[in-house]
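Source file model.cif; content: mmCIF, C-alpha atoms.
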```cif
data_run
loop_
_atom_site.label_atom_id
_atom_site.label_comp_id
_atom_site.auth_asym_id
_atom_site.auth_seq_id
_atom_site.Cartn_x
_atom_site.Cartn_y
_atom_site.Cartn_z
CA MET S 1 -29.01 16.55 -28.74
CA ALA S 2 -31.29 16.11 -31.72
CA LEU S 3 -33.16 19.06 -33.21
CA PRO S 4 -36.96 19.11 -32.64
CA THR S 5 -39.19 17.12 -34.95
CA SER S 6 -41.76 19.90 -35.26
CA GLY S 7 -42.49 23.44 -34.11
CA PRO S 8 -40.10 26.42 -34.10
CA LEU S 9 -36.67 25.83 -35.66
CA THR S 10 -34.20 28.58 -36.48
CA LEU S 11 -30.91 28.93 -38.31
CA ALA S 12 -29.31 29.53 -34.93
CA ASP S 13 -30.61 26.14 -33.72
CA ILE S 14 -29.07 24.47 -36.78
CA GLN S 15 -25.77 26.26 -36.20
CA LEU S 16 -25.73 25.20 -32.54
CA GLU S 17 -26.17 21.55 -33.53
CA PHE S 18 -23.85 21.36 -36.54
CA GLY S 19 -21.37 24.19 -35.98
CA GLY S 20 -20.45 27.19 -38.09
CA THR S 21 -19.89 30.93 -37.77
CA ASN S 22 -21.92 34.08 -38.28
CA PRO S 23 -23.42 35.27 -40.52
CA ILE S 24 -25.38 32.03 -40.95
CA GLU S 25 -26.13 30.88 -44.49
CA LEU S 26 -28.27 27.80 -45.05
CA ASN S 27 -26.24 26.71 -48.08
CA GLU S 28 -23.36 25.95 -45.69
CA TYR S 29 -25.35 23.01 -44.37
CA TYR S 30 -25.68 20.68 -47.33
CA ALA S 31 -25.03 17.06 -46.34
CA GLY S 32 -21.49 16.00 -47.10
CA GLY S 33 -20.16 19.53 -46.64
CA VAL S 34 -18.02 21.02 -43.91
CA PHE S 35 -20.63 20.90 -41.14
CA VAL S 36 -23.18 18.19 -41.93
CA PRO S 37 -21.99 14.59 -42.40
CA ALA S 38 -23.07 12.73 -45.51
CA ASN S 39 -26.24 10.62 -45.23
CA THR S 40 -27.64 12.66 -42.33
CA ASN S 41 -31.36 11.92 -41.99
CA GLY S 42 -34.20 13.47 -40.03
CA THR S 43 -37.96 13.54 -39.75
CA ASN S 44 -38.34 14.69 -43.36
CA GLY S 45 -35.76 12.35 -44.84
CA ALA S 46 -32.18 12.95 -45.89
CA ILE S 47 -30.68 16.43 -45.80
CA PRO S 48 -30.04 17.44 -49.42
CA THR S 49 -26.53 17.44 -50.84
CA ALA S 50 -27.45 20.16 -53.40
CA GLY S 51 -30.46 22.06 -54.72
CA PRO S 52 -33.45 23.20 -52.62
CA ILE S 53 -32.89 23.17 -48.87
CA SER S 54 -34.85 24.68 -45.98
CA VAL S 55 -34.95 24.66 -42.22
CA PHE S 56 -37.66 21.99 -42.47
CA SER S 57 -34.99 19.63 -43.85
CA PHE S 58 -33.38 19.68 -40.41
CA TYR S 59 -36.33 18.54 -38.26
CA GLY S 60 -35.23 15.56 -36.13
CA THR S 61 -31.61 15.65 -37.29
CA GLN S 62 -28.55 15.26 -35.10
CA LYS S 63 -24.89 15.76 -35.84
CA GLN S 64 -23.00 12.51 -35.84
CA LEU S 65 -19.26 12.08 -35.76
CA THR S 66 -17.84 10.40 -38.84
CA ILE S 67 -14.83 8.33 -37.82
CA GLU S 68 -12.30 6.07 -39.46
CA TYR S 69 -11.54 3.00 -37.40
CA LEU S 70 -9.20 0.06 -37.12
CA ILE S 71 -10.46 -2.83 -34.99
CA VAL S 72 -8.20 -5.83 -34.38
CA ALA S 73 -9.32 -8.74 -32.21
CA GLY S 74 -7.09 -10.87 -30.00
CA GLY S 75 -5.00 -13.53 -31.75
CA GLY S 76 -5.53 -17.24 -31.16
CA GLY S 77 -3.22 -19.19 -28.88
CA GLY S 78 -0.61 -21.48 -30.40
CA GLY S 79 -1.60 -25.15 -30.57
CA ARG S 80 0.21 -27.43 -28.17
CA ASN S 81 1.17 -31.05 -27.78
CA ASN S 82 -0.83 -33.28 -25.47
CA THR S 83 0.98 -36.58 -26.03
CA SER S 84 4.58 -37.52 -26.69
CA ASN S 85 6.00 -36.87 -30.17
CA THR S 86 3.20 -34.52 -31.22
CA ILE S 87 3.05 -31.07 -32.76
CA GLY S 88 0.75 -28.00 -32.54
CA GLY S 89 -0.46 -25.61 -35.22
CA GLY S 90 0.02 -21.84 -35.19
CA GLY S 91 -2.68 -19.59 -33.79
CA GLY S 92 -4.81 -17.58 -36.21
CA ALA S 93 -4.65 -13.80 -36.16
CA GLY S 94 -7.44 -11.75 -34.67
CA GLY S 95 -10.02 -10.50 -37.14
CA LEU S 96 -9.24 -7.08 -38.61
CA LEU S 97 -11.77 -4.48 -39.71
CA THR S 98 -11.09 -1.01 -41.11
CA ALA S 99 -13.70 1.35 -42.52
CA SER S 100 -15.67 4.52 -41.70
CA THR S 101 -18.87 4.89 -39.71
CA ASP S 102 -21.01 7.54 -38.05
CA LEU S 103 -21.38 7.68 -34.27
CA SER S 104 -24.19 9.50 -32.51
CA PRO S 105 -23.51 11.62 -29.40
CA GLY S 106 -23.21 9.52 -26.29
CA ILE S 107 -21.09 6.70 -24.91
CA ASN S 108 -19.80 4.03 -27.29
CA LEU S 109 -18.32 0.97 -25.62
CA VAL S 110 -14.91 -0.02 -26.98
CA THR S 111 -13.77 -3.58 -26.28
CA VAL S 112 -10.19 -4.74 -26.82
CA GLY S 113 -9.92 -8.53 -26.90
CA ALA S 114 -7.22 -10.52 -25.13
CA GLY S 115 -5.16 -13.15 -26.90
CA GLY S 116 -6.05 -16.82 -26.51
CA ILE S 117 -3.84 -19.35 -24.73
CA ALA S 118 -3.38 -23.12 -24.59
CA VAL S 119 -4.85 -24.41 -21.33
CA GLY S 120 -3.88 -27.71 -19.70
CA SER S 121 -4.31 -30.64 -22.06
CA GLY S 122 -7.08 -29.01 -24.11
CA ASN S 123 -7.08 -27.20 -27.42
CA ALA S 124 -5.73 -23.68 -27.66
CA ASN S 125 -8.29 -21.00 -26.95
CA ASN S 126 -9.47 -18.52 -29.53
CA GLY S 127 -8.66 -14.85 -29.02
CA GLU S 128 -11.36 -12.55 -27.70
CA ASP S 129 -13.43 -10.21 -29.87
CA SER S 130 -12.74 -6.48 -30.18
CA SER S 131 -15.45 -3.97 -31.03
CA ILE S 132 -16.82 -0.46 -31.24
CA GLY S 133 -20.49 -0.71 -30.35
CA ALA S 134 -22.08 -3.16 -32.80
CA VAL S 135 -19.02 -3.34 -35.10
CA ILE S 136 -17.22 -6.52 -34.02
CA ALA S 137 -13.92 -8.10 -35.08
CA THR S 138 -13.81 -11.81 -34.25
CA GLY S 139 -11.03 -13.35 -32.18
CA GLY S 140 -8.44 -15.49 -33.97
CA GLY S 141 -8.79 -19.26 -34.03
CA GLY S 142 -6.62 -21.30 -31.68
CA GLY S 143 -3.99 -23.51 -33.28
CA GLY S 144 -4.80 -27.20 -33.51
CA SER S 145 -3.57 -29.19 -30.50
CA ALA S 146 -2.48 -32.80 -30.84
CA ASN S 147 -4.94 -34.75 -28.71
CA SER S 148 -4.70 -38.31 -29.95
CA LEU S 149 -2.34 -40.63 -31.75
CA THR S 150 -5.24 -42.05 -33.77
CA ASN S 151 -8.11 -39.56 -33.96
CA TYR S 152 -6.75 -36.88 -36.25
CA ALA S 153 -10.09 -35.06 -36.44
CA LEU S 154 -9.38 -33.70 -32.96
CA ASP S 155 -6.31 -31.90 -34.26
CA ALA S 156 -7.94 -29.40 -36.62
CA GLY S 157 -7.26 -25.70 -36.20
CA GLN S 158 -10.02 -23.64 -34.64
CA SER S 159 -12.07 -21.21 -36.74
CA GLY S 160 -12.02 -17.49 -35.96
CA GLY S 161 -11.29 -14.11 -37.51
CA SER S 162 -8.39 -15.97 -39.08
CA GLY S 163 -8.18 -19.75 -38.68
CA GLY S 164 -5.63 -21.62 -36.60
CA GLY S 165 -3.22 -24.08 -38.21
CA GLY S 166 -3.82 -27.83 -38.12
CA ALA S 167 -1.82 -30.01 -35.71
CA PHE S 168 -0.16 -33.41 -35.41
CA ARG S 169 0.54 -35.71 -38.35
CA GLY S 170 -2.77 -36.65 -39.90
CA ASN S 171 -3.32 -33.87 -42.40
CA ALA S 172 -5.45 -32.02 -39.87
CA ALA S 173 -7.29 -29.12 -41.48
CA GLY S 174 -6.67 -25.49 -40.73
CA GLY S 175 -9.49 -23.48 -39.20
CA GLY S 176 -11.88 -21.34 -41.20
CA ASN S 177 -11.99 -17.54 -41.30
CA VAL S 178 -14.62 -14.80 -41.06
CA ALA S 179 -15.12 -13.23 -44.49
CA GLY S 180 -13.59 -9.78 -44.71
CA GLN S 181 -11.65 -10.18 -41.46
CA GLY S 182 -8.89 -12.71 -42.10
CA SER S 183 -7.73 -15.91 -43.80
CA VAL S 184 -7.81 -19.66 -43.26
CA GLY S 185 -5.18 -21.62 -41.38
CA GLY S 186 -2.77 -24.06 -43.02
CA ASN S 187 -3.14 -27.84 -42.84
CA SER S 188 -0.64 -30.00 -41.00
CA ILE S 189 1.57 -32.38 -42.95
CA ASN S 190 0.65 -36.06 -43.20
CA SER S 191 3.37 -38.40 -41.99
CA THR S 192 1.56 -41.04 -40.00
CA THR S 193 4.38 -43.58 -40.11
CA SER S 194 7.60 -41.57 -39.99
CA GLY S 195 7.35 -40.45 -36.38
CA VAL S 196 7.93 -36.81 -37.30
CA GLN S 197 5.42 -34.19 -38.33
CA ALA S 198 4.81 -30.45 -38.63
CA GLY S 199 1.89 -28.15 -37.84
CA GLY S 200 0.21 -25.69 -40.19
CA GLY S 201 0.63 -21.94 -39.89
CA GLY S 202 -2.16 -19.76 -38.56
CA GLY S 203 -3.98 -17.52 -41.00
CA GLY S 204 -3.30 -13.78 -41.10
CA ALA S 205 -5.45 -10.82 -42.09
CA GLY S 206 -3.62 -10.56 -45.40
CA ALA S 207 -2.78 -14.18 -46.29
CA ALA S 208 -3.60 -17.78 -45.42
CA GLY S 209 -1.40 -19.86 -43.16
CA THR S 210 0.79 -22.28 -45.08
CA THR S 211 1.02 -26.06 -45.04
CA PRO S 212 4.52 -27.34 -44.20
CA VAL S 213 6.67 -28.39 -47.16
CA SER S 214 8.53 -30.96 -45.04
CA ASN S 215 8.26 -32.77 -41.73
CA LEU S 216 11.01 -30.66 -40.24
CA ILE S 217 9.68 -27.10 -40.26
CA GLY S 218 6.13 -26.01 -39.51
CA GLY S 219 4.05 -23.92 -41.88
CA ALA S 220 4.61 -20.18 -41.77
CA GLY S 221 1.93 -17.91 -40.39
CA GLY S 222 -0.01 -15.81 -42.88
CA ASN S 223 1.02 -12.17 -43.12
CA GLY S 224 -1.05 -9.36 -41.66
CA VAL S 225 -1.91 -6.04 -43.31
CA LEU S 226 -0.40 -2.58 -43.05
CA SER S 227 -2.35 0.37 -41.67
CA SER S 228 -1.26 3.98 -41.25
CA ILE S 229 -4.31 5.08 -39.25
CA SER S 230 -2.07 5.83 -36.25
CA GLY S 231 0.18 8.08 -38.34
CA ALA S 232 2.83 5.38 -38.76
CA SER S 233 2.72 2.39 -41.07
CA VAL S 234 2.17 -0.63 -38.80
CA SER S 235 1.42 -4.25 -39.67
CA TYR S 236 -1.37 -5.96 -37.73
CA ALA S 237 -2.93 -9.43 -37.45
CA GLY S 238 -0.26 -11.91 -38.53
CA GLY S 239 -0.70 -15.63 -38.01
CA GLY S 240 1.51 -17.77 -35.77
CA GLY S 241 3.97 -20.27 -37.22
CA GLY S 242 3.36 -24.00 -36.81
CA ALA S 243 5.62 -26.29 -34.80
CA GLY S 244 8.12 -28.51 -36.58
CA ALA S 245 10.10 -31.68 -35.96
CA ASN S 246 13.73 -30.64 -36.09
CA THR S 247 16.21 -33.35 -37.03
CA GLY S 248 19.13 -31.07 -37.69
CA SER S 249 17.73 -27.79 -38.96
CA THR S 250 17.45 -24.97 -36.45
CA THR S 251 14.99 -22.95 -38.54
CA PRO S 252 11.64 -22.26 -36.85
CA ALA S 253 8.50 -21.54 -38.82
CA ALA S 254 8.14 -17.79 -39.13
CA GLY S 255 5.17 -15.96 -37.74
CA GLY S 256 3.36 -13.71 -40.19
CA THR S 257 4.17 -10.00 -40.31
CA GLY S 258 1.84 -8.28 -37.90
CA GLY S 259 2.84 -9.87 -34.64
CA GLY S 260 2.61 -13.60 -35.35
CA GLY S 261 4.80 -15.74 -33.06
CA GLN S 262 7.34 -18.18 -34.49
CA GLY S 263 6.75 -21.90 -34.26
CA TYR S 264 8.62 -24.29 -31.97
CA VAL S 265 11.51 -26.44 -33.14
CA GLY S 266 12.72 -29.33 -31.00
CA THR S 267 15.23 -32.08 -31.72
CA VAL S 268 14.45 -35.77 -31.70
CA SER S 269 17.16 -36.20 -29.05
CA GLY S 270 15.20 -33.95 -26.71
CA GLY S 271 17.03 -30.63 -27.03
CA ILE S 272 15.10 -27.42 -27.70
CA THR S 273 16.62 -25.23 -30.39
CA ALA S 274 13.87 -22.63 -30.78
CA GLN S 275 10.97 -22.02 -28.42
CA ALA S 276 7.70 -20.84 -29.89
CA GLY S 277 6.85 -17.16 -29.59
CA ASN S 278 3.78 -15.39 -28.31
CA GLY S 279 1.79 -13.11 -30.57
CA THR S 280 2.84 -9.49 -30.13
CA VAL S 281 0.60 -7.48 -27.81
CA ASN S 282 -1.81 -5.00 -29.38
CA THR S 283 -1.35 -6.42 -32.88
CA GLY S 284 -3.73 -9.39 -32.75
CA GLY S 285 -0.92 -11.75 -33.83
CA GLY S 286 -1.39 -15.48 -33.37
CA GLY S 287 0.80 -17.50 -31.01
CA GLY S 288 3.36 -19.97 -32.40
CA GLY S 289 2.64 -23.69 -32.24
CA THR S 290 4.54 -25.85 -29.72
CA GLY S 291 5.57 -29.50 -29.71
CA ASN S 292 6.98 -32.44 -27.79
CA LEU S 293 9.70 -34.47 -29.42
CA GLY S 294 11.99 -36.85 -27.56
CA GLY S 295 10.35 -35.86 -24.29
CA SER S 296 11.16 -32.15 -24.60
CA GLN S 297 8.01 -30.06 -24.40
CA GLY S 298 7.65 -26.53 -25.70
CA THR S 299 6.01 -23.84 -23.58
CA SER S 300 2.42 -22.92 -24.45
CA THR S 301 2.03 -19.60 -26.21
CA SER S 302 -0.63 -16.93 -26.21
CA GLY S 303 -1.97 -14.80 -29.01
CA GLY S 304 -1.38 -11.07 -28.99
CA SER S 305 -4.06 -8.79 -27.59
CA GLY S 306 -6.02 -6.62 -29.99
CA ILE S 307 -6.26 -2.87 -30.51
CA VAL S 308 -8.86 -0.26 -31.52
CA ILE S 309 -7.92 3.05 -33.16
CA ILE S 310 -10.37 5.87 -33.97
CA LYS S 311 -9.51 8.84 -36.20
CA TYR S 312 -11.38 11.96 -37.35
CA PRO S 313 -10.45 15.41 -38.73
CA VAL S 314 -9.52 18.30 -36.47
CA THR S 315 -11.76 20.50 -38.66
CA VAL S 316 -14.89 19.03 -37.06
CA GLY S 317 -13.79 20.24 -33.63
CA LYS S 318 -12.97 17.95 -30.74
CA ARG S 319 -16.00 15.72 -30.55
CA GLY S 320 -14.76 12.60 -28.78
CA THR S 321 -12.93 11.51 -25.63
CA GLY S 322 -11.43 8.20 -24.59
CA GLY S 323 -8.35 6.08 -24.98
CA THR S 324 -4.93 7.65 -25.51
CA GLU S 325 -5.56 10.86 -27.45
CA THR S 326 -3.10 12.41 -29.91
CA THR S 327 -3.24 14.94 -32.72
CA LEU S 328 -1.32 14.29 -35.92
CA GLY S 329 -1.53 15.54 -39.50
CA GLY S 330 -4.84 17.35 -39.03
CA TYR S 331 -6.54 14.44 -37.25
CA TYR S 332 -7.53 13.48 -33.74
CA ILE S 333 -6.46 9.90 -33.01
CA HIS S 334 -7.80 7.85 -30.09
CA THR S 335 -5.93 4.60 -29.41
CA PHE S 336 -7.40 1.90 -27.15
CA THR S 337 -5.05 -0.84 -25.95
CA SER S 338 -7.59 -1.92 -23.33
CA SER S 339 -11.37 -1.68 -23.12
CA GLY S 340 -13.03 1.64 -22.33
CA ASP S 341 -15.55 4.24 -23.51
CA PHE S 342 -15.41 6.54 -26.51
CA THR S 343 -17.75 9.40 -25.71
CA VAL S 344 -19.04 11.62 -28.51
CA SER S 345 -19.97 15.06 -27.19
#
```

Could you render the structure from this file as C-alpha cells?
Amino acid sequence: MALPTSGPLTLADIQLEFGGTNPIELNEYYAGGVFVPANTNGTNGAIPTAGPISVFSFYGTQKQLTIEYLIVAGGGGGGRNNTSNTIGGGGGAGGLLTASTDLSPGINLVTVGAGGIAVGSGNANNGEDSSIGAVIATGGGGGGSANSLTNYALDAGQSGGSGGGGAFRGNAAGGGNVAGQGSVGGNSINSTTSGVQAGGGGGGAGAAGTTPVSNLIGGAGGNGVLSSISGASVSYAGGGGGAGANTGSTTPAAGGTGGGGQGYVGTVSGGITAQAGNGTVNTGGGGGGTGNLGGSQGTSTSGGSGIVIIKYPVTVGKRGTGGTETTLGGYYIHTFTSSGDFTVS
C-alpha cells in the first residue's frame, strides 16, 4: 500500500514499502536504483535520482513493479470464396507490442485474444485484441473475401493490427495497419478477364503482405518479428498467405514467419493440391486465404490466438502471480495463453 501523504514517516516505513536490509541508509533509495523504480512519484514530486533526498521525498509513494511485456493479439481469419471461381486474401497478423511499463499493486486484467475465422458467406473476422490493463494490441485484419463478381470494393482486406490481404481479381486493396503494431496487407492481382486470380498476403508485424506476381500463386504473408522474452528466440505475428489459382504449379503462398498459415491452391479441374493453413495458436499468425476453382472449395481458416508474456528481474523479489510462471536467467516469466489476472503483491 502507498506510504502516507503526511504525518509520521520513518526509514523503516520506507524499507517496508520498497525493500532492503538493515542497517537502513536513505541513499539506497534513489529512484532508478536497486529498490525504487525510475520515475517514482509521490506527494512532493519525483523521488530524486541523485543529490539531496529525505524521508519527505517519499510521502504518497508506492512501489510499482517494472515489467517487460510482449502482447500479441489474435490473427485475422483467412479470406474465403463466396462465389464460384473466386479467391480469398490472407489474414493479417495480430498486433504486436513490446516495451516496459510500471504496474501498481493490485489485480491487472490480462486478455488473450482469439483468432478470427471466416463465417458463412461473409467476410473473414478480425482477430480479437490482447491486453494488459490499458495497453492493448489490436486484432489482425481478416483476409478479403470474394463477395461479388462485379463489385470489387467488397473484396478489400480488413484493417487491424496488421491488415488482411485483398481478395478476388479486381485489384482489391489490402487492409490497413495500426502504427507500431504491424504492417499493411497485400493487394490482390487484377485479372478480370482471364478467369484466374490470386489473393494478397496478410501483413505481419515485421513486414507487409505481398501482392501476387502471377495469377497462379497468392501473395506471401508478411513476416513476424523475433522475441526472446520467454528465454527462447520465437517469431510471432506472421501474416497468412493469399489463395492462388493453380493451373499446374503445386506451390502454395507461404505464410509469414511467426505462425502465418499458407494459402490455398486449387486446380482449375477441381482437384485440391494444397489446403490453406490456420494461423499457429499463441503466435497471432494470420490464417491462409482459401478459394473455389472448378467447383472445389477450400476450407475456411482461422487466425492463431494471441499470447501475453510478462518478465521482471528476480532481484526485485517475487512480486507478481498469474499465468504459467517460470524462472530463467535471473528473471521471473509469466506466460498467458488464455485470459486471466496478473496480481502485483

Expand the PyMOL selection byres ((chain S and resi 251-256) around 7) into the individual residues it matches in the shown file, reporting them as a short mmCIF file (atom, residue, chain, number, x, y, z; two decimals) with C-alpha atoms, keeping the file's coordinate frame.
```
data_model
loop_
_atom_site.label_atom_id
_atom_site.label_comp_id
_atom_site.auth_asym_id
_atom_site.auth_seq_id
_atom_site.Cartn_x
_atom_site.Cartn_y
_atom_site.Cartn_z
CA GLY S 204 -3.30 -13.78 -41.10
CA ILE S 217 9.68 -27.10 -40.26
CA GLY S 218 6.13 -26.01 -39.51
CA GLY S 219 4.05 -23.92 -41.88
CA ALA S 220 4.61 -20.18 -41.77
CA GLY S 221 1.93 -17.91 -40.39
CA GLY S 222 -0.01 -15.81 -42.88
CA ASN S 223 1.02 -12.17 -43.12
CA GLY S 224 -1.05 -9.36 -41.66
CA GLY S 238 -0.26 -11.91 -38.53
CA GLY S 239 -0.70 -15.63 -38.01
CA GLY S 240 1.51 -17.77 -35.77
CA GLY S 241 3.97 -20.27 -37.22
CA GLY S 242 3.36 -24.00 -36.81
CA ALA S 243 5.62 -26.29 -34.80
CA SER S 249 17.73 -27.79 -38.96
CA THR S 250 17.45 -24.97 -36.45
CA THR S 257 4.17 -10.00 -40.31
CA GLY S 258 1.84 -8.28 -37.90
CA GLY S 259 2.84 -9.87 -34.64
CA GLY S 260 2.61 -13.60 -35.35
CA GLY S 261 4.80 -15.74 -33.06
CA GLN S 262 7.34 -18.18 -34.49
CA GLY S 263 6.75 -21.90 -34.26
CA TYR S 264 8.62 -24.29 -31.97
CA VAL S 265 11.51 -26.44 -33.14
CA ALA S 274 13.87 -22.63 -30.78
CA GLY S 288 3.36 -19.97 -32.40
#
```

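Here CA of Thr299 in chain S and CA of Asn278 in chain S stand 9.9 Å from one another.
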
Ground truth for the PyMOL selection byres ((chain S and resi 337-342) around 12), written as an MDAnalysis selection string
chainID S and resid 65 67 70:74 103:114 128:133 281:284 304:311 319:325 333:336 343:345

I'd like the contact shell of Gly60 in chain S - 6 Å cut-off, all atoms listed in the file, skipping same-chain residues fewer than 5 positions apart - returned as a ChimeraX atom specification.
/S:2-5,42-43

Enumerate, as a PyMOL selection string, the residues matched when the PyMOL selection byres ((chain S and resi 20) around 12) is run on the file above.
chain S and resi 11-19+21-29+33-36+315-317

Within 6 Å of range 184-190 of chain S using all atoms listed in the file, minus same-chain residues under 5 positions, as a list in words:
Ser162, Gly163, Gly164, Gly165, Gly166, Ala167, Arg169, Gly170, Asn171, Ala172, Ala173, Gly174, Gly175, Gly176, Asn177, Ala198, Gly199, Gly200, Gly201, Gly202, Gly203, Ala208, Gly209, Thr210, Thr211 and Pro212 of chain S

Quick one: of S:Gly45, S:Gly139, S:Gly32, S:Pro313, who's nearest to Leu96 in chain S, counting only C-alpha atoms?
S:Gly139

Mind giving me the straight-line distance from CA of Val234 in chain S to CA of Ser302 in chain S in Å, one decimal?
20.8 Å

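The space between CA of Ser228 in chain S and CA of Gly277 in chain S spans 25.5 Å.
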
Please return the centre and edge lengths, in Å to one decimal, of a box with edges along x, y and z that contains all listed atoms of range 51-55 of chain S, widened by 5 Å on every side, as AutoDock Vina command-line options.
```
--center_x -32.7 --center_y 23.4 --center_z -48.5 --size_x 14.5 --size_y 12.6 --size_z 22.5
```

Mind checking which residues fall within 8 Å of Thr101 in chain S, counting all atoms listed in the file, ignoring those fewer than 6 positions away in the same chain, and posting them as a PyMOL selection string?
chain S and resi 66-69

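Taking all atoms listed in the file into account, Ala38 in chain S lies nearest to S:Gln64 out of the set S:Gln64, S:Gly7, S:Ser183, S:Val55.
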
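Between Gly180 in chain S and the candidates S:Ala124, S:Ile87, S:Ala146, S:Ala207, the tightest atom-to-atom separation, counting only C-alpha atoms, involves S:Ala207.
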